[in-house]
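Reviewing the structure listed below.
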Amino acid sequence: MAHSRERVVILGGGAGGLELACSLAGRGAVAVTLVDVNGSHVWKPRLHEFAAGTVDSTLSEMSFYMLASMRGFSFEQGRVVTIDPQNRLVRLGPVRSRHGAIEGPSRDVAYDRLVVALGGVTPDFGTPGVEDHAVRLDEKADADDFRDLFVAALLKARECGEPARVSIVGSGATGTELAAHLRVSERSFINDAVTGRKQRLLDIVILEAAPEIMPGASGDLRKAVCDRLAKLDIKTRVGARIASVEADAVVGENGERWPTDITVWAAGLVGHPCLEGLSDFDMDNKHRIIVDARLKTTVDGRIYALGDAASFKPAADAQPLPPTAQCASQQAAYLAAAIPTTIAGGTPEPFEYDDKGRLISLARGGSVGSISLFRSRNDLLVHGQFAQAAYQSIQRKHQWAVLGYLRGSVAIFADAISPTKGPALKLHG
Ligand SMILES: Cc1cc2nc3c(=O)[nH]c(=O)nc-3n(C[C@H](O)[C@H](O)[C@H](O)COP(=O)(O)OP(=O)(O)OC[C@H]3O[C@@H](n4cnc5c(N)ncnc54)[C@H](O)[C@@H]3O)c2cc1C
């Protein structure tokens with residue numbers, strides 16, 4: 001059966017997929033369907049703040065059903081299982097609640113063009129014990145689980161007078177920012193008026209396998225982050241290669257043990273495990289789908305991939321782009337123009353990444369970062385109010401892209417005045 005409008009199906013309503021659905025839905029030539037396993041969108045770069053309790057997730061959670069009717073796309077809730085490129089079908093498995101009850105049936109969704117935006121997860125590199133004894137911040141349920149453990153540990157620490165021990169494996173943006181936000185959260189549990197003394201409820205250590213923290217960051221940025229972590233009394237340990245995680249300790253390859261009450265595993269990011277079984281895609285060594293200069297998969301010109309699910313090299317001899325919301329958002333904006341151009345018979349320009357730099361928000365420790373100016377490779381180290389404002393810009397752009405300018409501005413204003421917001425809005429890394 002012929003369709004008057006080309007059916008574009010987007011798998012994954014995260015930082016990139018949702019922005020693409022909202023932008024494309026306004027164009028007459030396409031009928032857009034967004035698929036996600038969850039019924040609501042959560043802005044992933046704030047997961048560590050939800051985990052620490054410094055931001056209330058309700059401010060950042062938006063129902064896909066509500067957005068679909070507001071922005072003019074269809075929404076299908078379901079778990080993507082496989083893609084059948086011959087028949088141009090996506091197979092969705094049943095939706096299950098957290099307790100396992102089946103809430104929706106398996107079904108197929110037909111497409112003319114498909115965009116895979118299913119994101120990534122934190123790999124455990126086969127390390128024993130991570131699955132059972134560590135928390136990984138891959139989705140909102142993980143942040144909720146962590147917060148439950150964290151609150152219980154701090155209540156216990158306040159009662160018994162012994163600080164709770166949190167070990168964070170991995171010193172990238174997630175690990176360092178989470179540590180800083182936990183230190184802020186600790187304040188809410190300290191009741192100086194009752195105890196009459198300053199209590200320390202939390203010992204935090206960041207364990208990094210590389211010889212220095214924040215591998216890949218510039219020396220200046222690393223130093224700025226280290227100084228701020230030290231001021232927040234957060235310990236860092238480099239060269240700590242982890243052999244296993246036990247219920248009450250993180251164990252190094254050299255036998256060293258870090259006793260712990262809660263372990264957070266924040267060591268890198270790879271493509272979501274579901275990507276491997278989707279179809280016959282070419283994958284890179286981080287389980288991401290290899291895409292060409294126009295973000296098309298190498299095996300099927302009708303299927304695109306973006307964001308953490310995609311492996312895009314800006315040049316043949318370059319490394320693939322890092323998994324960031326900044327990158328996913330730029331790729332979504334690119335496809336929002338490139339797909340209609342292709343449907344109209346044109347050839348879009350190749351995707352070009354504009355690296356705007358890297359910013360880290362360390363809550364009361366302040367924001368620091370290096371930003372690139374005019375696509376120059378010479379980074380400028382920024383901190384203080386300017387860094388904070390820049391840090392906020394990506395989520396603001398996201399809110400405008402998803403909600404439109406009027407509603408987006410109202411949401412940003414509500415966010416800014418909310419008493420449940422933490423000291424730092426989270427933006428880009
Ligand atoms: C704690 C933390 C802090 C971060 N901070 C920053 C930051 O400061 N700056 C920055 O630029 N980046 C940051 N990132 C990275 C950023 O969040 C990701 O790069 C970005 O979200 C990737 O966008 P995406 O659209 O590719 O995937 P995601 O945003 O991960 O979205 C994937 C979507 O796919 C859905 N999905 C997954 N599997 C299935 C399936 N089988 N079926 C159906 N749906 C499925 C998920 O529900 C989700 O909605 C951070 C990440 C974390 C975890």
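Residues are named by chain letter and number: chains run A, B, ... in the order of the structure tokens, numbers start at 1 in each chain, and ligands are numbered from 1 in the order shown.
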Practice problem: Kindly compile the residues surrounding ligand 1 within 7 Å, counting only C-alpha atoms and all ligand atoms, and format them as a PyMOL selection string. | Solution: chain A and resi 11-17+35-38+41+43-48+78-81+117-120+137-138+173-174+272+274+306-309+323-328+359-360+426-429
Exercise. Identify all residues of stretch 235-292 of chain A in strand (DSSP E or B) (DSSP on the backbone) and supply them as a count of residues only.
Key: 25
Quiz prompt | Option closest in space to A:Ala217, from A:Gly172, A:Pro314, A:Pro123, A:Gly252 [counting only C-alpha atoms] | solution =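 Closest to A:Ala217 of all the choices is A:Gly172.
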Exercise. Quick one: everything within 9 Å of A:Ala31, counting only C-alpha atoms, minus sequence neighbours fewer than 2 positions away in the same chain. Send it as a ChimeraX atom specification.
Key: /A:5-9,24-25,27-29,33,72-74
Hey, can you spit out that residue selection with all heavy atoms as a tab-separated table (two decimals), in the first residue's frame?
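Result file follows (result_5.tsv):
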chain	number	residue	atom	x	y	z
A	5	ARG	N	2.66	10.06	2.85
A	5	ARG	CA	3.80	10.65	3.56
A	5	ARG	C	4.79	9.55	3.92
A	5	ARG	O	4.39	8.45	4.30
A	5	ARG	CB	3.32	11.34	4.84
A	5	ARG	CG	2.47	12.58	4.53
A	5	ARG	CD	2.32	13.47	5.73
A	5	ARG	NE	1.58	12.85	6.82
A	5	ARG	CZ	1.62	13.28	8.09
A	5	ARG	NH1	2.38	14.30	8.41
A	5	ARG	NH2	0.93	12.68	9.02
A	6	GLU	N	6.07	9.88	3.84
A	6	GLU	CA	7.10	8.90	4.16
A	6	GLU	C	7.06	8.63	5.68
A	6	GLU	O	7.02	9.57	6.48
A	6	GLU	CB	8.46	9.48	3.76
A	6	GLU	CG	9.59	8.53	3.87
A	6	GLU	CD	10.19	8.12	2.52
A	6	GLU	OE1	9.56	8.35	1.48
A	6	GLU	OE2	11.30	7.57	2.56
A	7	ARG	N	7.07	7.34	6.04
A	7	ARG	CA	6.99	7.00	7.48
A	7	ARG	C	8.40	6.94	8.06
A	7	ARG	O	9.20	6.07	7.69
A	7	ARG	CB	6.31	5.65	7.66
A	7	ARG	CG	4.84	5.64	7.23
A	7	ARG	CD	4.33	4.25	7.03
A	7	ARG	NE	5.13	3.52	6.06
A	7	ARG	CZ	4.92	2.26	5.70
A	7	ARG	NH1	3.97	1.58	6.25
A	7	ARG	NH2	5.70	1.68	4.81
A	8	VAL	N	8.69	7.88	8.94
A	8	VAL	CA	10.00	7.89	9.61
A	8	VAL	C	9.79	7.38	11.03
A	8	VAL	O	9.01	7.96	11.80
A	8	VAL	CB	10.63	9.31	9.65
A	8	VAL	CG1	11.95	9.29	10.40
A	8	VAL	CG2	10.82	9.84	8.25
A	9	VAL	N	10.47	6.29	11.37
A	9	VAL	CA	10.34	5.73	12.72
A	9	VAL	C	11.66	5.97	13.45
A	9	VAL	O	12.74	5.69	12.92
A	9	VAL	CB	10.00	4.23	12.66
A	9	VAL	CG1	10.01	3.61	14.05
A	9	VAL	CG2	8.63	4.05	12.01
A	24	LEU	N	11.26	16.91	13.32
A	24	LEU	CA	10.76	16.34	12.07
A	24	LEU	C	9.24	16.39	11.98
A	24	LEU	O	8.68	16.52	10.89
A	24	LEU	CB	11.18	14.87	11.97
A	24	LEU	CG	12.42	14.51	11.17
A	24	LEU	CD1	12.55	13.01	11.11
A	24	LEU	CD2	12.38	15.10	9.76
A	25	ALA	N	8.57	16.28	13.13
A	25	ALA	CA	7.11	16.19	13.13
A	25	ALA	C	6.46	17.44	12.53
A	25	ALA	O	5.37	17.38	12.00
A	25	ALA	CB	6.60	15.95	14.54
A	27	ARG	N	7.38	18.86	9.89
A	27	ARG	CA	7.54	18.92	8.42
A	27	ARG	C	6.45	18.09	7.75
A	27	ARG	O	6.25	16.92	8.09
A	27	ARG	CB	8.90	18.35	8.01
A	27	ARG	CG	10.00	18.70	8.97
A	27	ARG	CD	11.02	19.56	8.32
A	27	ARG	NE	11.94	20.06	9.34
A	27	ARG	CZ	13.13	20.52	9.07
A	27	ARG	NH1	13.55	20.54	7.83
A	27	ARG	NH2	13.89	20.97	10.03
A	28	GLY	N	5.79	18.65	6.76
A	28	GLY	CA	4.63	18.00	6.15
A	28	GLY	C	4.95	16.69	5.44
A	28	GLY	O	4.10	15.81	5.35
A	29	ALA	N	6.18	16.53	4.93
A	29	ALA	CA	6.48	15.39	4.05
A	29	ALA	C	6.60	14.07	4.79
A	29	ALA	O	6.66	13.01	4.17
A	29	ALA	CB	7.78	15.66	3.29
A	33	THR	N	6.97	8.46	13.82
A	33	THR	CA	6.61	7.63	14.98
A	33	THR	C	7.84	7.48	15.86
A	33	THR	O	8.92	7.15	15.37
A	33	THR	CB	6.15	6.22	14.52
A	33	THR	OG1	5.02	6.36	13.69
A	33	THR	CG2	5.79	5.35	15.72
A	72	GLY	N	2.85	16.57	17.46
A	72	GLY	CA	2.38	16.03	16.18
A	72	GLY	C	3.11	14.80	15.69
A	72	GLY	O	3.24	14.60	14.49
A	73	PHE	N	3.60	13.94	16.59
A	73	PHE	CA	4.12	12.64	16.15
A	73	PHE	C	3.35	11.53	16.86
A	73	PHE	O	2.58	11.79	17.79
A	73	PHE	CB	5.64	12.52	16.39
A	73	PHE	CG	6.11	12.69	17.81
A	73	PHE	CD1	6.12	11.61	18.70
A	73	PHE	CD2	6.58	13.92	18.28
A	73	PHE	CE1	6.55	11.77	20.00
A	73	PHE	CE2	7.02	14.08	19.58
A	73	PHE	CZ	7.00	13.00	20.45
A	74	SER	N	3.52	10.28	16.39
A	74	SER	CA	2.88	9.15	17.07
A	74	SER	C	3.89	8.54	18.04
A	74	SER	O	5.10	8.59	17.78
A	74	SER	CB	2.49	8.05	16.07
A	74	SER	OG	1.70	8.59	15.07
Could you pull the residues within 12 Å of A:Arg257, counting only C-alpha atoms, minus those fewer than 2 positions along the same chain, as a compact mmCIF listing (two decimals) with N, CA, C and O atoms, in the first residue's frame?
# COMPACT_ATOMS: atom_id res chain seq x y z
N SER A 167 32.17 4.48 47.16
CA SER A 167 33.28 4.34 46.22
C SER A 167 32.74 4.51 44.81
O SER A 167 31.79 3.83 44.43
N LEU A 207 37.86 6.15 42.29
CA LEU A 207 38.94 5.23 41.91
C LEU A 207 39.07 5.25 40.38
O LEU A 207 38.10 5.02 39.65
N ALA A 240 44.21 2.84 39.95
CA ALA A 240 43.46 1.81 40.70
C ALA A 240 42.72 0.91 39.72
O ALA A 240 41.59 1.23 39.30
N ARG A 241 43.35 -0.16 39.33
CA ARG A 241 42.70 -1.10 38.40
C ARG A 241 41.88 -2.08 39.23
O ARG A 241 42.42 -2.77 40.11
N ILE A 242 40.59 -2.14 38.95
CA ILE A 242 39.69 -2.90 39.82
C ILE A 242 39.55 -4.34 39.32
O ILE A 242 39.28 -4.59 38.15
N ALA A 243 39.75 -5.29 40.25
CA ALA A 243 39.64 -6.72 39.91
C ALA A 243 38.22 -7.22 40.15
O ALA A 243 37.71 -8.04 39.39
N SER A 244 37.59 -6.75 41.23
CA SER A 244 36.23 -7.22 41.52
C SER A 244 35.54 -6.25 42.48
O SER A 244 36.20 -5.42 43.13
N VAL A 245 34.23 -6.40 42.55
CA VAL A 245 33.45 -5.62 43.52
C VAL A 245 32.73 -6.62 44.41
O VAL A 245 32.08 -7.55 43.93
N GLU A 246 32.91 -6.43 45.73
CA GLU A 246 32.22 -7.30 46.69
C GLU A 246 31.14 -6.48 47.39
O GLU A 246 31.06 -5.27 47.20
N ALA A 247 30.34 -7.14 48.19
CA ALA A 247 29.22 -6.44 48.84
C ALA A 247 29.73 -5.29 49.71
O ALA A 247 29.09 -4.24 49.80
N ASP A 248 30.91 -5.46 50.32
CA ASP A 248 31.38 -4.42 51.24
C ASP A 248 32.78 -3.91 50.91
O ASP A 248 33.43 -3.30 51.75
N ALA A 249 33.26 -4.17 49.70
CA ALA A 249 34.59 -3.67 49.33
C ALA A 249 34.78 -3.67 47.82
O ALA A 249 34.21 -4.49 47.10
N VAL A 250 35.60 -2.71 47.38
CA VAL A 250 36.07 -2.73 45.99
C VAL A 250 37.51 -3.25 46.07
O VAL A 250 38.30 -2.80 46.92
N VAL A 251 37.84 -4.23 45.23
CA VAL A 251 39.14 -4.90 45.34
C VAL A 251 39.99 -4.59 44.11
O VAL A 251 39.54 -4.79 42.96
N GLY A 252 41.21 -4.10 44.34
CA GLY A 252 42.11 -3.76 43.25
C GLY A 252 42.86 -4.98 42.74
O GLY A 252 42.93 -6.02 43.43
N GLU A 253 43.42 -4.87 41.53
CA GLU A 253 44.18 -5.99 40.96
C GLU A 253 45.38 -6.33 41.81
O GLU A 253 45.86 -7.46 41.82
N ASN A 254 45.90 -5.33 42.54
CA ASN A 254 47.07 -5.59 43.41
C ASN A 254 46.65 -6.08 44.81
O ASN A 254 47.47 -6.14 45.72
N GLY A 255 45.38 -6.38 44.96
CA GLY A 255 44.89 -6.92 46.25
C GLY A 255 44.42 -5.85 47.21
O GLY A 255 43.84 -6.18 48.26
N PRO A 259 37.13 -0.58 51.57
CA PRO A 259 35.86 -0.92 52.20
C PRO A 259 34.78 0.07 51.76
O PRO A 259 35.06 1.27 51.65
N THR A 260 33.59 -0.44 51.50
CA THR A 260 32.57 0.45 50.94
C THR A 260 31.17 0.04 51.40
O THR A 260 30.92 -1.12 51.69
